[in-house]
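Text of query-v8.cif, listed as mmCIF, C-alpha atoms:
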data_data
loop_
_atom_site.label_atom_id
_atom_site.label_comp_id
_atom_site.auth_asym_id
_atom_site.auth_seq_id
_atom_site.Cartn_x
_atom_site.Cartn_y
_atom_site.Cartn_z
CA MET A 1 53.50 -86.70 37.22
CA GLN A 2 50.81 -86.18 39.81
CA ASP A 3 49.55 -83.19 37.87
CA LEU A 4 49.12 -85.35 34.80
CA ALA A 5 47.18 -87.94 36.77
CA ASN A 6 44.98 -85.14 38.15
CA ILE A 7 44.21 -83.80 34.69
CA PHE A 8 43.45 -87.30 33.45
CA ILE A 9 41.04 -88.15 36.28
CA LYS A 10 39.42 -84.74 36.15
CA SER A 11 38.77 -84.85 32.42
CA ILE A 12 37.28 -88.34 32.64
CA PHE A 13 35.00 -87.99 35.63
CA ILE A 14 34.57 -84.42 36.83
CA ASP A 15 34.58 -82.53 33.55
CA ASN A 16 32.99 -85.35 31.62
CA MET A 17 32.31 -84.23 28.06
CA VAL A 18 28.79 -85.64 27.93
CA PHE A 19 27.46 -85.11 31.43
CA ALA A 20 29.03 -81.80 32.36
CA TYR A 21 29.18 -80.04 28.99
CA PHE A 22 26.75 -81.91 26.70
CA LEU A 23 29.37 -82.24 23.99
CA GLY A 24 29.03 -84.88 21.32
CA MET A 25 25.39 -85.42 22.24
CA CYS A 26 24.21 -85.86 18.67
CA SER A 27 26.28 -88.93 17.89
CA TYR A 28 25.87 -90.02 21.53
CA LEU A 29 22.10 -90.24 21.03
CA ALA A 30 22.19 -91.54 17.47
CA VAL A 31 24.78 -94.33 17.76
CA SER A 32 24.01 -95.65 21.25
CA LYS A 33 21.50 -98.33 20.23
CA THR A 34 23.87 -101.30 20.66
CA VAL A 35 26.98 -101.73 22.78
CA LYS A 36 29.08 -103.03 19.89
CA THR A 37 28.77 -100.01 17.63
CA SER A 38 29.13 -97.61 20.52
CA VAL A 39 32.43 -99.24 21.52
CA GLY A 40 33.65 -98.68 17.95
CA LEU A 41 32.66 -95.02 17.91
CA GLY A 42 34.03 -94.48 21.41
CA LEU A 43 37.43 -95.87 20.46
CA ALA A 44 37.54 -93.72 17.33
CA VAL A 45 36.79 -90.63 19.42
CA VAL A 46 39.56 -91.43 21.95
CA PHE A 47 41.95 -91.93 19.05
CA VAL A 48 41.10 -88.70 17.22
CA LEU A 49 41.05 -86.61 20.42
CA GLY A 50 44.48 -87.92 21.38
CA ILE A 51 45.83 -86.65 18.07
CA THR A 52 43.97 -83.41 17.40
CA VAL A 53 44.31 -81.82 20.84
CA PRO A 54 48.15 -81.81 20.84
CA VAL A 55 48.25 -80.66 17.20
CA ASN A 56 45.90 -77.79 17.97
CA TYR A 57 47.95 -77.07 21.09
CA LEU A 58 51.05 -76.55 18.94
CA LEU A 59 49.05 -74.40 16.54
CA GLU A 60 47.68 -72.30 19.39
CA ASN A 61 51.05 -71.73 21.03
CA TYR A 62 53.23 -71.22 17.98
CA VAL A 63 50.85 -69.48 15.57
CA LEU A 64 47.63 -68.14 17.04
CA LYS A 65 48.21 -66.74 20.52
CA GLU A 66 49.29 -63.15 21.03
CA GLY A 67 53.08 -63.15 20.89
CA ALA A 68 53.14 -66.74 19.67
CA LEU A 69 54.79 -65.75 16.41
CA THR A 70 57.86 -64.30 18.16
CA TRP A 71 59.98 -67.15 16.80
CA LEU A 72 59.64 -65.53 13.35
CA GLY A 73 61.35 -62.36 14.59
CA ASP A 74 60.67 -59.51 16.96
CA GLY A 75 58.43 -57.74 14.46
CA PHE A 76 55.81 -60.45 14.96
CA ALA A 77 55.70 -60.24 18.76
CA THR A 78 52.45 -58.25 18.84
CA VAL A 79 50.53 -60.24 16.24
CA ASP A 80 47.36 -61.76 17.70
CA LEU A 81 45.65 -64.22 15.39
CA SER A 82 43.38 -65.83 17.96
CA PHE A 83 40.24 -64.77 16.07
CA LEU A 84 41.26 -67.32 13.44
CA SER A 85 41.27 -70.19 15.89
CA PHE A 86 37.81 -71.59 15.03
CA ILE A 87 38.52 -71.93 11.35
CA LEU A 88 42.03 -73.35 11.85
CA PHE A 89 40.97 -75.83 14.53
CA ILE A 90 38.14 -77.17 12.42
CA ALA A 91 40.45 -77.41 9.40
CA VAL A 92 42.98 -79.37 11.46
CA ILE A 93 40.25 -81.67 12.75
CA ALA A 94 38.73 -82.30 9.33
CA SER A 95 42.10 -83.01 7.74
CA MET A 96 43.32 -85.10 10.69
CA VAL A 97 40.22 -87.26 10.51
CA GLN A 98 40.81 -87.71 6.79
CA LEU A 99 44.48 -88.57 7.43
CA VAL A 100 43.73 -90.97 10.26
CA GLU A 101 41.16 -92.66 8.06
CA MET A 102 43.70 -93.17 5.26
CA ILE A 103 46.43 -94.43 7.62
CA VAL A 104 44.15 -96.85 9.42
CA GLU A 105 42.81 -98.13 6.10
CA LYS A 106 46.36 -98.76 4.86
CA PHE A 107 47.92 -100.34 7.94
CA SER A 108 45.06 -101.97 9.79
CA PRO A 109 42.18 -102.95 7.52
CA ALA A 110 40.56 -104.91 10.35
CA LEU A 111 40.30 -101.86 12.59
CA TYR A 112 39.19 -99.80 9.59
CA SER A 113 36.30 -102.09 8.79
CA SER A 114 35.22 -102.20 12.43
CA LEU A 115 35.23 -98.39 12.73
CA GLY A 116 33.49 -98.16 9.35
CA ILE A 117 31.44 -95.02 8.83
CA PHE A 118 32.23 -93.64 12.28
CA LEU A 119 35.56 -92.09 11.37
CA PRO A 120 34.23 -89.49 8.90
CA LEU A 121 31.32 -88.76 11.26
CA ILE A 122 33.78 -87.69 13.91
CA ALA A 123 34.74 -84.54 12.01
CA VAL A 124 31.41 -83.01 13.00
CA ASN A 125 31.36 -84.42 16.54
CA CYS A 126 31.28 -81.38 18.80
CA ALA A 127 33.29 -83.17 21.49
CA ILE A 128 36.38 -82.97 19.28
CA LEU A 129 36.18 -79.25 18.54
CA GLY A 130 34.99 -78.66 22.10
CA ALA A 131 38.09 -80.31 23.56
CA SER A 132 40.34 -78.09 21.44
CA LEU A 133 38.45 -74.98 22.53
CA PHE A 134 38.61 -75.98 26.21
CA MET A 135 42.32 -76.64 25.77
CA GLN A 136 42.66 -73.07 24.47
CA GLU A 137 40.52 -71.60 27.25
CA ARG A 138 42.30 -73.40 30.10
CA ALA A 139 45.78 -72.71 28.70
CA TYR A 140 47.57 -75.95 29.60
CA ALA A 141 51.26 -75.48 30.36
CA THR A 142 52.86 -78.26 28.34
CA ILE A 143 52.01 -80.38 25.35
CA THR A 144 51.99 -83.50 27.56
CA GLU A 145 49.25 -81.97 29.70
CA ALA A 146 47.25 -81.14 26.59
CA THR A 147 47.64 -84.69 25.27
CA VAL A 148 46.59 -86.20 28.58
CA PHE A 149 43.58 -83.87 28.66
CA GLY A 150 42.62 -84.96 25.13
CA LEU A 151 42.91 -88.66 25.95
CA GLY A 152 41.05 -88.24 29.23
CA SER A 153 38.14 -86.45 27.57
CA GLY A 154 38.02 -89.22 24.99
CA VAL A 155 37.91 -91.92 27.66
CA GLY A 156 35.16 -90.03 29.50
CA TRP A 157 33.09 -89.86 26.33
CA PHE A 158 33.76 -93.56 25.69
CA LEU A 159 32.51 -94.49 29.17
CA ALA A 160 29.38 -92.42 28.73
CA ILE A 161 28.36 -93.86 25.36
CA VAL A 162 29.07 -97.48 26.34
CA GLY A 163 27.08 -97.00 29.55
CA ILE A 164 24.02 -95.56 27.85
CA ALA A 165 24.15 -98.22 25.12
CA ALA A 166 24.13 -100.99 27.73
CA ILE A 167 21.13 -99.41 29.47
CA ARG A 168 19.27 -98.94 26.19
CA GLU A 169 19.78 -102.58 25.28
CA LYS A 170 18.12 -103.61 28.52
CA ILE A 171 15.35 -101.04 28.44
CA ARG A 172 13.86 -102.70 25.39
CA TYR A 173 12.30 -105.21 27.76
CA SER A 174 10.64 -102.58 29.93
CA ASN A 175 7.23 -101.04 29.52
CA VAL A 176 7.97 -97.39 28.89
CA PRO A 177 5.00 -95.03 28.29
CA PRO A 178 4.54 -94.88 24.50
CA ALA A 179 5.19 -91.15 24.11
CA LEU A 180 8.39 -91.42 26.10
CA ARG A 181 9.86 -94.31 24.08
CA GLY A 182 13.09 -93.81 22.21
CA LEU A 183 14.42 -90.29 22.48
CA GLY A 184 12.52 -89.11 25.55
CA ILE A 185 13.56 -91.91 27.88
CA THR A 186 17.15 -91.70 26.62
CA PHE A 187 17.25 -88.05 27.61
CA ILE A 188 15.95 -88.77 31.08
CA ILE A 189 18.35 -91.70 31.63
CA THR A 190 21.25 -89.51 30.53
CA GLY A 191 20.09 -86.94 33.07
CA LEU A 192 20.08 -89.56 35.81
CA MET A 193 23.53 -90.78 34.77
CA GLY A 194 24.67 -87.17 34.90
CA ILE A 195 23.41 -86.85 38.46
CA ALA A 196 25.36 -90.00 39.34
CA PHE A 197 28.51 -88.57 37.75
CA MET A 198 28.07 -85.36 39.73
CA SER A 199 29.08 -87.25 42.85
CA PHE A 200 32.61 -87.28 41.43
CA MET A 201 32.73 -83.50 41.71
CA GLY A 202 33.37 -83.83 45.43
CA ILE A 203 36.74 -85.49 44.80
CA LYS A 204 39.48 -83.23 46.12
CA LEU A 205 42.52 -83.49 43.87
CA GLU A 206 45.68 -82.38 45.60
CA ASP A 207 47.51 -79.31 44.41
CA SER A 208 45.57 -78.81 41.22
CA LYS A 209 46.85 -75.71 39.49
CA LYS A 210 43.65 -75.04 37.63
CA GLU A 211 40.76 -74.42 39.94
CA VAL A 212 38.07 -75.76 37.66
CA SER A 213 36.81 -78.45 39.98
CA THR A 214 36.81 -76.36 43.13
CA GLU A 215 34.70 -73.75 41.36
CA LYS A 216 32.10 -76.41 40.75
CA VAL A 217 32.23 -77.68 44.31
CA VAL A 218 31.69 -74.15 45.53
CA GLN A 219 28.77 -73.78 43.13
CA ILE A 220 27.17 -76.94 44.50
CA GLU A 221 27.77 -75.88 48.06
CA ASN A 222 26.08 -72.59 47.28
CA ASN A 223 23.11 -74.42 45.83
CA GLU A 224 22.93 -76.64 48.85
CA SER A 225 22.99 -73.70 51.19
CA GLU A 226 20.23 -72.14 49.10
CA ILE A 227 18.19 -75.28 49.52
CA ASN A 228 18.84 -75.36 53.23
CA MET B 229 8.86 -73.64 -10.66
CA SER B 230 9.58 -69.92 -10.65
CA LYS B 231 5.84 -69.37 -11.11
CA ASP B 232 5.43 -70.21 -7.42
CA SER B 233 4.68 -67.09 -5.46
CA LEU B 234 7.20 -66.32 -2.73
CA PHE B 235 4.81 -67.18 0.07
CA SER B 236 2.94 -70.05 -1.54
CA LYS B 237 1.61 -72.85 0.67
CA LYS B 238 4.58 -75.04 -0.19
CA ASN B 239 7.05 -72.42 0.91
CA LEU B 240 5.20 -71.64 4.13
CA LYS B 241 5.21 -75.34 4.94
CA LEU B 242 9.00 -75.13 4.98
CA ILE B 243 8.68 -72.78 7.93
CA LYS B 244 5.84 -74.50 9.73
CA ASP B 245 7.06 -78.09 9.58
CA PRO B 246 10.21 -77.68 11.68
CA LEU B 247 8.23 -76.05 14.48
CA ASP B 248 6.43 -79.24 15.42
CA ASP B 249 6.24 -82.28 13.12
CA ASN B 250 9.85 -82.13 12.06
CA ASN B 251 11.45 -80.21 14.89
CA PRO B 252 15.25 -80.21 14.58
CA ILE B 253 15.86 -80.89 18.26
CA THR B 254 13.07 -83.22 19.33
CA VAL B 255 12.48 -85.13 16.09
CA GLN B 256 15.55 -84.89 13.88
CA VAL B 257 17.82 -85.04 16.98
CA LEU B 258 20.19 -82.39 15.64
CA GLY B 259 21.95 -79.64 17.54
CA ILE B 260 21.36 -81.07 21.00
CA CYS B 261 24.79 -80.23 22.38
CA SER B 262 24.53 -76.48 22.31
CA ALA B 263 20.82 -76.53 23.04
CA LEU B 264 21.24 -78.14 26.44
CA ALA B 265 24.33 -76.37 27.64
CA ILE B 266 23.07 -72.82 27.51
CA THR B 267 19.54 -73.17 28.86
CA VAL B 268 20.28 -72.23 32.49
CA GLN B 269 18.99 -68.72 31.85
CA LEU B 270 16.80 -67.14 29.21
CA LYS B 271 19.18 -64.45 28.03
CA PRO B 272 22.02 -66.64 26.72
CA ALA B 273 19.44 -68.99 25.22
CA VAL B 274 17.87 -66.16 23.24
CA VAL B 275 21.27 -64.84 22.15
CA MET B 276 22.23 -68.33 21.03
CA ALA B 277 18.97 -68.74 19.10
CA VAL B 278 19.54 -65.42 17.31
CA SER B 279 23.14 -66.36 16.46
CA VAL B 280 22.06 -69.69 15.02
CA PHE B 281 19.26 -67.96 13.08
CA PHE B 282 21.80 -65.63 11.50
CA VAL B 283 24.39 -68.31 10.67
CA MET B 284 21.84 -70.79 9.40
CA CYS B 285 19.94 -68.45 7.06
CA ILE B 286 23.06 -67.00 5.48
CA ALA B 287 24.88 -70.33 5.21
CA ASN B 288 21.81 -71.90 3.60
CA VAL B 289 21.55 -69.14 1.00
CA VAL B 290 25.27 -69.11 0.24
CA VAL B 291 25.52 -72.87 -0.17
CA SER B 292 22.38 -72.87 -2.26
CA LEU B 293 23.83 -70.21 -4.56
CA MET B 294 27.06 -72.19 -4.91
CA ARG B 295 25.44 -75.61 -5.16
CA ASN B 296 26.29 -76.12 -8.83
CA MET B 297 29.90 -75.06 -8.36
CA ILE B 298 30.89 -77.21 -5.36
CA PRO B 299 32.46 -80.56 -6.33
CA SER B 300 30.74 -83.18 -4.22
CA ARG B 301 34.00 -84.72 -2.97
CA ILE B 302 35.06 -81.63 -1.03
CA ARG B 303 31.63 -80.29 -0.14
CA ILE B 304 32.02 -80.95 3.60
CA ILE B 305 35.13 -78.82 3.83
CA VAL B 306 33.55 -76.06 1.75
CA GLN B 307 30.50 -76.06 4.03
CA LEU B 308 32.66 -76.00 7.14
CA VAL B 309 34.60 -73.01 5.82
CA ILE B 310 31.41 -71.09 5.04
CA ILE B 311 29.95 -71.84 8.47
CA ALA B 312 33.21 -71.10 10.29
CA THR B 313 33.50 -67.71 8.60
CA LEU B 314 29.97 -66.76 9.65
CA VAL B 315 30.56 -67.99 13.19
CA ILE B 316 33.72 -65.89 13.50
CA LEU B 317 31.60 -62.86 12.49
CA VAL B 318 29.00 -63.68 15.15
CA ASP B 319 31.69 -64.26 17.77
CA GLN B 320 33.36 -60.92 17.09
CA VAL B 321 30.04 -59.06 17.16
CA LEU B 322 29.09 -60.68 20.48
CA LYS B 323 32.47 -59.86 21.98
CA ALA B 324 32.11 -56.25 20.92
CA PHE B 325 28.50 -55.57 21.96
CA LEU B 326 27.43 -58.24 24.47
CA TYR B 327 30.64 -59.10 26.28
CA ASP B 328 28.98 -60.63 29.40
CA VAL B 329 26.82 -62.97 27.39
CA SER B 330 29.71 -63.96 25.16
CA LYS B 331 31.74 -64.90 28.26
CA GLU B 332 28.82 -66.97 29.51
CA LEU B 333 28.41 -68.79 26.21
CA SER B 334 32.21 -69.40 26.19
CA VAL B 335 33.08 -72.20 23.79
CA PHE B 336 29.52 -72.73 22.66
CA VAL B 337 29.63 -69.92 20.12
CA GLY B 338 32.53 -71.72 18.47
CA LEU B 339 30.59 -74.93 18.63
CA ILE B 340 27.91 -73.50 16.32
CA ILE B 341 30.39 -74.63 13.64
CA THR B 342 29.84 -78.25 14.49
CA ASN B 343 26.18 -77.76 15.34
CA CYS B 344 24.71 -80.61 13.39
CA ILE B 345 21.53 -78.69 12.53
CA ILE B 346 23.43 -76.35 10.27
CA MET B 347 25.50 -79.05 8.58
CA GLY B 348 22.46 -81.29 8.37
CA ARG B 349 20.26 -78.70 6.68
CA LEU B 350 23.04 -77.71 4.28
CA GLU B 351 23.54 -81.34 3.28
CA ALA B 352 19.90 -82.31 3.14
CA PHE B 353 18.29 -79.16 1.78
CA ALA B 354 20.45 -76.28 0.60
CA LEU B 355 22.53 -78.43 -1.75
CA ALA B 356 19.44 -79.41 -3.71
CA ASN B 357 17.19 -76.34 -3.65
CA THR B 358 16.95 -72.76 -4.88
CA PRO B 359 18.18 -69.89 -2.66
CA TRP B 360 14.72 -68.64 -1.66
CA LYS B 361 13.56 -72.08 -0.57
CA ALA B 362 16.84 -72.63 1.26
CA PHE B 363 16.30 -69.33 3.05
CA MET B 364 12.79 -70.32 4.13
CA ASP B 365 14.14 -73.67 5.32
CA GLY B 366 16.81 -71.85 7.31
CA VAL B 367 14.21 -69.59 8.94
CA GLY B 368 11.96 -72.53 9.78
CA ASN B 369 14.66 -74.73 11.23
CA SER B 370 16.30 -72.04 13.30
CA LEU B 371 12.88 -71.11 14.74
CA GLY B 372 12.30 -74.79 15.40
CA TYR B 373 15.65 -74.86 17.17
CA ALA B 374 14.80 -71.75 19.18
CA LEU B 375 11.41 -73.01 20.42
CA PRO B 376 12.51 -75.90 22.71
CA LEU B 377 15.56 -73.87 23.69
CA VAL B 378 13.48 -70.97 24.99
CA VAL B 379 10.86 -73.20 26.63
CA VAL B 380 13.48 -75.24 28.50
CA ALA B 381 15.41 -72.12 29.50
CA PHE B 382 12.17 -70.47 30.70
CA PHE B 383 11.39 -73.30 33.12
CA ARG B 384 14.97 -73.76 34.28
CA GLU B 385 15.43 -70.09 35.07
CA LEU B 386 12.00 -69.69 36.66
CA LEU B 387 12.24 -72.77 38.87
CA GLY B 388 15.98 -72.68 39.42
CA SER B 389 16.64 -69.04 40.26
CA GLY B 390 13.14 -67.55 40.40
CA THR B 391 13.93 -64.96 37.74
CA LEU B 392 13.14 -64.30 34.07
CA PHE B 393 15.78 -62.46 32.04
CA GLY B 394 17.33 -61.69 35.43
CA TYR B 395 14.11 -59.99 36.66
CA PRO B 396 13.06 -61.42 40.06
CA VAL B 397 9.53 -62.52 39.18
CA LEU B 398 8.85 -64.81 42.12
CA GLU B 399 10.21 -62.36 44.67
CA ASN B 400 7.86 -59.68 43.39
CA LEU B 401 4.95 -62.08 43.54
CA GLY B 402 5.76 -62.54 47.23
CA LEU B 403 6.10 -66.33 47.01
CA TYR B 404 9.14 -66.42 49.28
CA GLN B 405 7.14 -65.09 52.22
CA LEU B 406 4.82 -68.06 51.80
CA GLY B 407 7.75 -70.40 52.33
CA TYR B 408 8.60 -71.13 48.69
CA GLU B 409 12.21 -72.12 47.94
CA ASN B 410 14.13 -72.11 44.67
CA ASN B 411 15.00 -75.55 43.36
CA GLY B 412 18.81 -75.46 43.12
CA MET B 413 18.76 -78.72 41.21
CA MET B 414 17.33 -77.04 38.10
CA ILE B 415 20.52 -75.06 37.60
CA LEU B 416 22.69 -78.16 37.38
CA PRO B 417 23.48 -79.73 33.98
CA PRO B 418 21.57 -83.03 34.34
CA MET B 419 18.24 -81.25 34.79
CA ALA B 420 18.58 -79.78 31.30
CA LEU B 421 18.37 -83.32 29.97
CA VAL B 422 15.41 -84.24 32.14
CA THR B 423 13.51 -81.04 31.29
CA CYS B 424 14.15 -81.63 27.61
CA GLY B 425 13.02 -85.24 27.99
CA VAL B 426 9.76 -84.07 29.53
CA TYR B 427 9.32 -81.55 26.68
CA ILE B 428 9.69 -84.39 24.18
CA TRP B 429 7.25 -86.49 26.18
CA ILE B 430 4.57 -83.79 26.13
CA GLN B 431 5.11 -83.08 22.45
CA ARG B 432 4.72 -86.75 21.54
CA MET B 433 1.64 -87.18 23.68
CA ARG B 434 -0.04 -84.44 21.65
CA ASN B 435 1.32 -85.66 18.35
CA ASN B 436 0.88 -89.41 18.12
CA LYS B 437 2.56 -89.99 14.80
CA LEU B 438 5.94 -89.13 16.32
CA VAL B 439 5.87 -92.02 18.79
CA GLU B 440 8.75 -94.48 18.35
CA GLN B 441 8.54 -98.25 18.61
CA ASN B 442 11.08 -98.88 21.35
#

Before anything else, please render the file you have as C-alpha cells.
Amino acid sequence: MQDLANIFIKSIFIDNMVFAYFLGMCSYLAVSKTVKTSVGLGLAVVFVLGITVPVNYLLENYVLKEGALTWLGDGFATVDLSFLSFILFIAVIASMVQLVEMIVEKFSPALYSSLGIFLPLIAVNCAILGASLFMQERAYATITEATVFGLGSGVGWFLAIVGIAAIREKIRYSNVPPALRGLGITFIITGLMGIAFMSFMGIKLEDSKKEVSTEKVVQIENNESEIN
Amino acid sequence: MSKDSLFSKKNLKLIKDPLDDNNPITVQVLGICSALAITVQLKPAVVMAVSVFFVMCIANVVVSLMRNMIPSRIRIIVQLVIIATLVILVDQVLKAFLYDVSKELSVFVGLIITNCIIMGRLEAFALANTPWKAFMDGVGNSLGYALPLVVVAFFRELLGSGTLFGYPVLENLGLYQLGYENNGMMILPPMALVTCGVYIWIQRMRNNKLVEQN
C-alpha cells in the first residue's frame, strides 16, 4: 500500500510530466489560455492515462516482452517482440481514445460536450505515449502499480496546465515587453514553475524500490558541489 | 504546374520560410516536447535533429504519394502507422550504431511518433501537395526544427558543463584559472524552457511581425 502511495506522489510531483520531462508541452502551451478549457483537457488526460497505461502494461507483459509469450507454449519462450512496442502502443492509444470518445458520448453527453474537441486531440499528446514508454522502461511489478503511475502522471499534468492557465489569465494585466508577449513569457513562467517543482525532488520516500528519485537528488547534489 | 523548375523561387521559399518567419518551434509551436528534453548537450540534439529530418522527409513524401488513396476518415491512423514504421527504423539503427546516444535519448526517439511537427506538416501540407513540394517542405521544417534545438543545446552545454560535443572548450581556454565556474543550473530541465523563451524573445525583437497581442 505504501509503495502505491509512493508511486502516486512521485509521479505527480517529482517526475512531473511537464516540468521534469517536457511531455505534452504542445497542448500545454496551446490550450492554457483560460482555466476552464484547461480543466477540461486536464481531466480528459487523467482519464485516458488511467486507461491506456494498464492496457499497455498487459500488452507489454503478455505479448511484447522477451519470454512474455510463454503462455502460448514453450516454443514461444524466446520470442522478443519489443521492437514492435511503439507501433502497438500508439495503436492502443488511438483506438482507446476513439473508444472512450464513443462511450462518453453515449453515456454522458454532458461530459462529452464539455470535453469537446479535446478528446481526439489527446491521441497525439506526447504525455500519453510517454507514460506508456516510461511504464515499459521502469518495469512496474504489478498492474495496480502501473495504473497508479498512469493516474498520478495524469494528475501531475492536470496540476501543471491549470496552474499555468491561472497565471496566464492574470498576466494579461501586466506590461510584458512586446517581443516577449504570448509564447515567450509562457516559456519563462513554465521554467520558473519547474524550478519551484524541483524543490519536491528533495522528498525522501521510504523504501522506494525504484531509485529514480534518489538518482535525481544525487544529480542535484553533484551540481551543488560543483557550484560550491 | 509541372512546368515549375525543381528549384524555382516558390519551392525554395518552402525551405526558407520555416527557418525564421514560420519556424515550427517558435512560431507554429509544434514539437516542443522533444525539443526541450534533449538539449542538455549538443550531441543528442544533433542526433535528434537528424532523426527527425529523416522521418519527416520520408513520411511527407509517402503521404503525398498516397494522398489520393487515403480515405479522410482514417487518415490519422494511416499517418500514425507510416510515422511509427519510420521511427522503428530510426530506433533500430540508433541502437545498432550509436548505442550511448540512443540510451541518452531513451523514450524520446519513440516520442518522434507523437511529435506534432510531423503530424502537423502531414495534415497541413503533404495531404494537399505533390511529392516534390512535400519533400521540400519536409526539408525546410526539419531544418527549422533543428535550428533552435542546436542553438539552445549549444548554450546549455557551453554554460552548463563548459564543453562542446564533449570537448572541454573552456578548460582549454584557461577560464577556470581565472576563477570561472560552470553554471550547474543550466543542466537542469527548467533552464531549457528559459533559454528557449529568451531565444523566442530575441527572434521576435528582430522580426516585429511575429509579436503577439497579449

Distance cut-off 6 Å, counting only C-alpha atoms - which residues of chain A neighbour chain B? Return them as a CSV table (one decimal) with C-alpha atoms, keeping the file's coordinate frame.
chain,number,residue,atom,x,y,z
A,22,PHE,CA,26.8,-81.9,26.7
A,23,LEU,CA,29.4,-82.2,24.0
A,25,MET,CA,25.4,-85.4,22.2
A,87,ILE,CA,38.5,-71.9,11.4
A,124,VAL,CA,31.4,-83.0,13.0
A,126,CYS,CA,31.3,-81.4,18.8
A,179,ALA,CA,5.2,-91.2,24.1
A,180,LEU,CA,8.4,-91.4,26.1
A,181,ARG,CA,9.9,-94.3,24.1
A,182,GLY,CA,13.1,-93.8,22.2
A,184,GLY,CA,12.5,-89.1,25.6
A,187,PHE,CA,17.2,-88.0,27.6
A,188,ILE,CA,16.0,-88.8,31.1
A,191,GLY,CA,20.1,-86.9,33.1
A,194,GLY,CA,24.7,-87.2,34.9
A,195,ILE,CA,23.4,-86.8,38.5
A,223,ASN,CA,23.1,-74.4,45.8

Determine the residue set returned by the PyMOL selection byres ((chain B and resi 242) around 8) for the present structure, and present it as a list in words.
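Output from the PyMOL selection byres ((chain B and resi 242) around 8), applied to this file: Lys238, Asn239, Leu240, Lys241, Ile243, Lys244, Asp245, Pro246, Lys361, Met364, Asp365 and Gly368 of chain B.
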
Evaluated on this file, the PyMOL selection byres ((chain A and resi 11) around 12) picks out some residues - which ones are they, written as a PyMOL selection string?
chain A and resi 4-10+12-21+131+134-135+145-157+159+200-201+212-213

Given all atoms listed in the file as the basis, pick out the residue of B:Glu385, B:Glu399, B:Glu351, B:Asp249 nearest to Ala287 of chain B.
B:Glu351

Enumerate, as a list of chain:residue names, the residues matched when the PyMOL selection byres ((chain B and resi 377) around 8) is run on the file above.
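After applying the PyMOL selection byres ((chain B and resi 377) around 8), what remains is B:Ala263, B:Leu264, B:Thr267, B:Ala273, B:Ala277, B:Tyr373, B:Ala374, B:Leu375, B:Pro376, B:Val378, B:Val379, B:Val380, B:Ala381.
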
What gap, in Å, lies between atom CA of Trp360 of chain B and atom CA of Val289 of chain B?
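If I compute the distance from atom CA of Trp360 of chain B to atom CA of Val289 of chain B, I get 7.3 Å.
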
Taking a cut-off of 9 Å and counting all atoms listed in the file, can you build a table that, for each residue of segment 257-296 of chain B near segment 353-356 of chain B, reports the nearest atom pair and how far apart they are in Å (one decimal), sorted by chain then residue number, as JSON lines?
{"residue": "B:Ala287", "atom": "CA", "partner": "B:Ala354", "partner_atom": "CA", "distance": 8.7}
{"residue": "B:Asn288", "atom": "CA", "partner": "B:Ala354", "partner_atom": "CA", "distance": 5.5}
{"residue": "B:Val289", "atom": "CA", "partner": "B:Ala354", "partner_atom": "CA", "distance": 7.2}
{"residue": "B:Val290", "atom": "CA", "partner": "B:Ala354", "partner_atom": "CA", "distance": 8.6}
{"residue": "B:Val291", "atom": "CA", "partner": "B:Ala354", "partner_atom": "CA", "distance": 6.2}
{"residue": "B:Ser292", "atom": "CA", "partner": "B:Ala354", "partner_atom": "CA", "distance": 4.9}
{"residue": "B:Leu293", "atom": "CA", "partner": "B:Ala354", "partner_atom": "CA", "distance": 8.7}
{"residue": "B:Met294", "atom": "CA", "partner": "B:Leu355", "partner_atom": "CA", "distance": 8.3}
{"residue": "B:Arg295", "atom": "CA", "partner": "B:Leu355", "partner_atom": "CA", "distance": 5.3}
{"residue": "B:Asn296", "atom": "CA", "partner": "B:Leu355", "partner_atom": "CA", "distance": 8.3}

Taking 6 positions as the minimum chain separation for residues in the same chain, which residues sit within 12 Å of Leu326 of chain B when counting all atoms listed in the file? Answer as a ChimeraX atom specification.
/B:271-272,275-276,318-320,332-333

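Proximity of A:Thr78, A:Thr37, A:Ser95, A:Ser113 to Thr52 of chain A, computed with only C-alpha atoms, is greatest for A:Ser95.
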
With all atoms listed in the file as the atoms that count, which of A:Gly202, A:Gly130, A:Gly163, A:Gly50 lies nearest to Ile189 of chain A?
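Of A:Gly202, A:Gly130, A:Gly163, A:Gly50, the one nearest Ile189 of chain A is A:Gly163, counting all atoms listed in the file.
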
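Using all atoms listed in the file, the protein and nucleic acid residues lying no more than 10 Å from Val63 of chain A, apart from those fewer than 4 places from it along its own chain, are Asn56, Tyr57, Leu58, Leu59, Gly67, Ala68, Leu69, Thr70, Trp71, Leu72, Val79, Asp80, Leu81, Ser82 and Ser85 of chain A.
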
So that I can look at just that part, could you write segment 407-428 of chain B with C-alpha atoms, as a PDB file, in the first residue's frame?
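out-v5.pdb, written as the output of this step:
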ATOM      1  CA  GLY B 407      38.032  31.831 -11.286  1.00  0.00           C
ATOM      2  CA  TYR B 408      35.249  30.963 -13.742  1.00  0.00           C
ATOM      3  CA  GLU B 409      32.701  28.361 -12.594  1.00  0.00           C
ATOM      4  CA  ASN B 410      30.253  26.272 -14.585  1.00  0.00           C
ATOM      5  CA  ASN B 411      26.623  27.165 -14.044  1.00  0.00           C
ATOM      6  CA  GLY B 412      25.086  23.899 -12.807  1.00  0.00           C
ATOM      7  CA  MET B 413      21.632  25.385 -13.186  1.00  0.00           C
ATOM      8  CA  MET B 414      21.838  25.232 -16.993  1.00  0.00           C
ATOM      9  CA  ILE B 415      21.841  21.444 -16.924  1.00  0.00           C
ATOM     10  CA  LEU B 416      18.526  21.238 -15.085  1.00  0.00           C
ATOM     11  CA  PRO B 417      15.257  20.902 -17.038  1.00  0.00           C
ATOM     12  CA  PRO B 418      13.677  24.302 -16.236  1.00  0.00           C
ATOM     13  CA  MET B 419      16.554  26.211 -17.824  1.00  0.00           C
ATOM     14  CA  ALA B 420      15.718  24.635 -21.176  1.00  0.00           C
ATOM     15  CA  LEU B 421      12.421  26.480 -21.033  1.00  0.00           C
ATOM     16  CA  VAL B 422      14.004  29.763 -20.015  1.00  0.00           C
ATOM     17  CA  THR B 423      16.725  29.530 -22.685  1.00  0.00           C
ATOM     18  CA  CYS B 424      14.107  28.765 -25.297  1.00  0.00           C
ATOM     19  CA  GLY B 425      11.997  31.674 -24.051  1.00  0.00           C
ATOM     20  CA  VAL B 426      14.961  34.004 -24.473  1.00  0.00           C
ATOM     21  CA  TYR B 427      15.557  32.615 -27.994  1.00  0.00           C
ATOM     22  CA  ILE B 428      11.947  33.446 -28.873  1.00  0.00           C
TER      23      ILE B 428
END
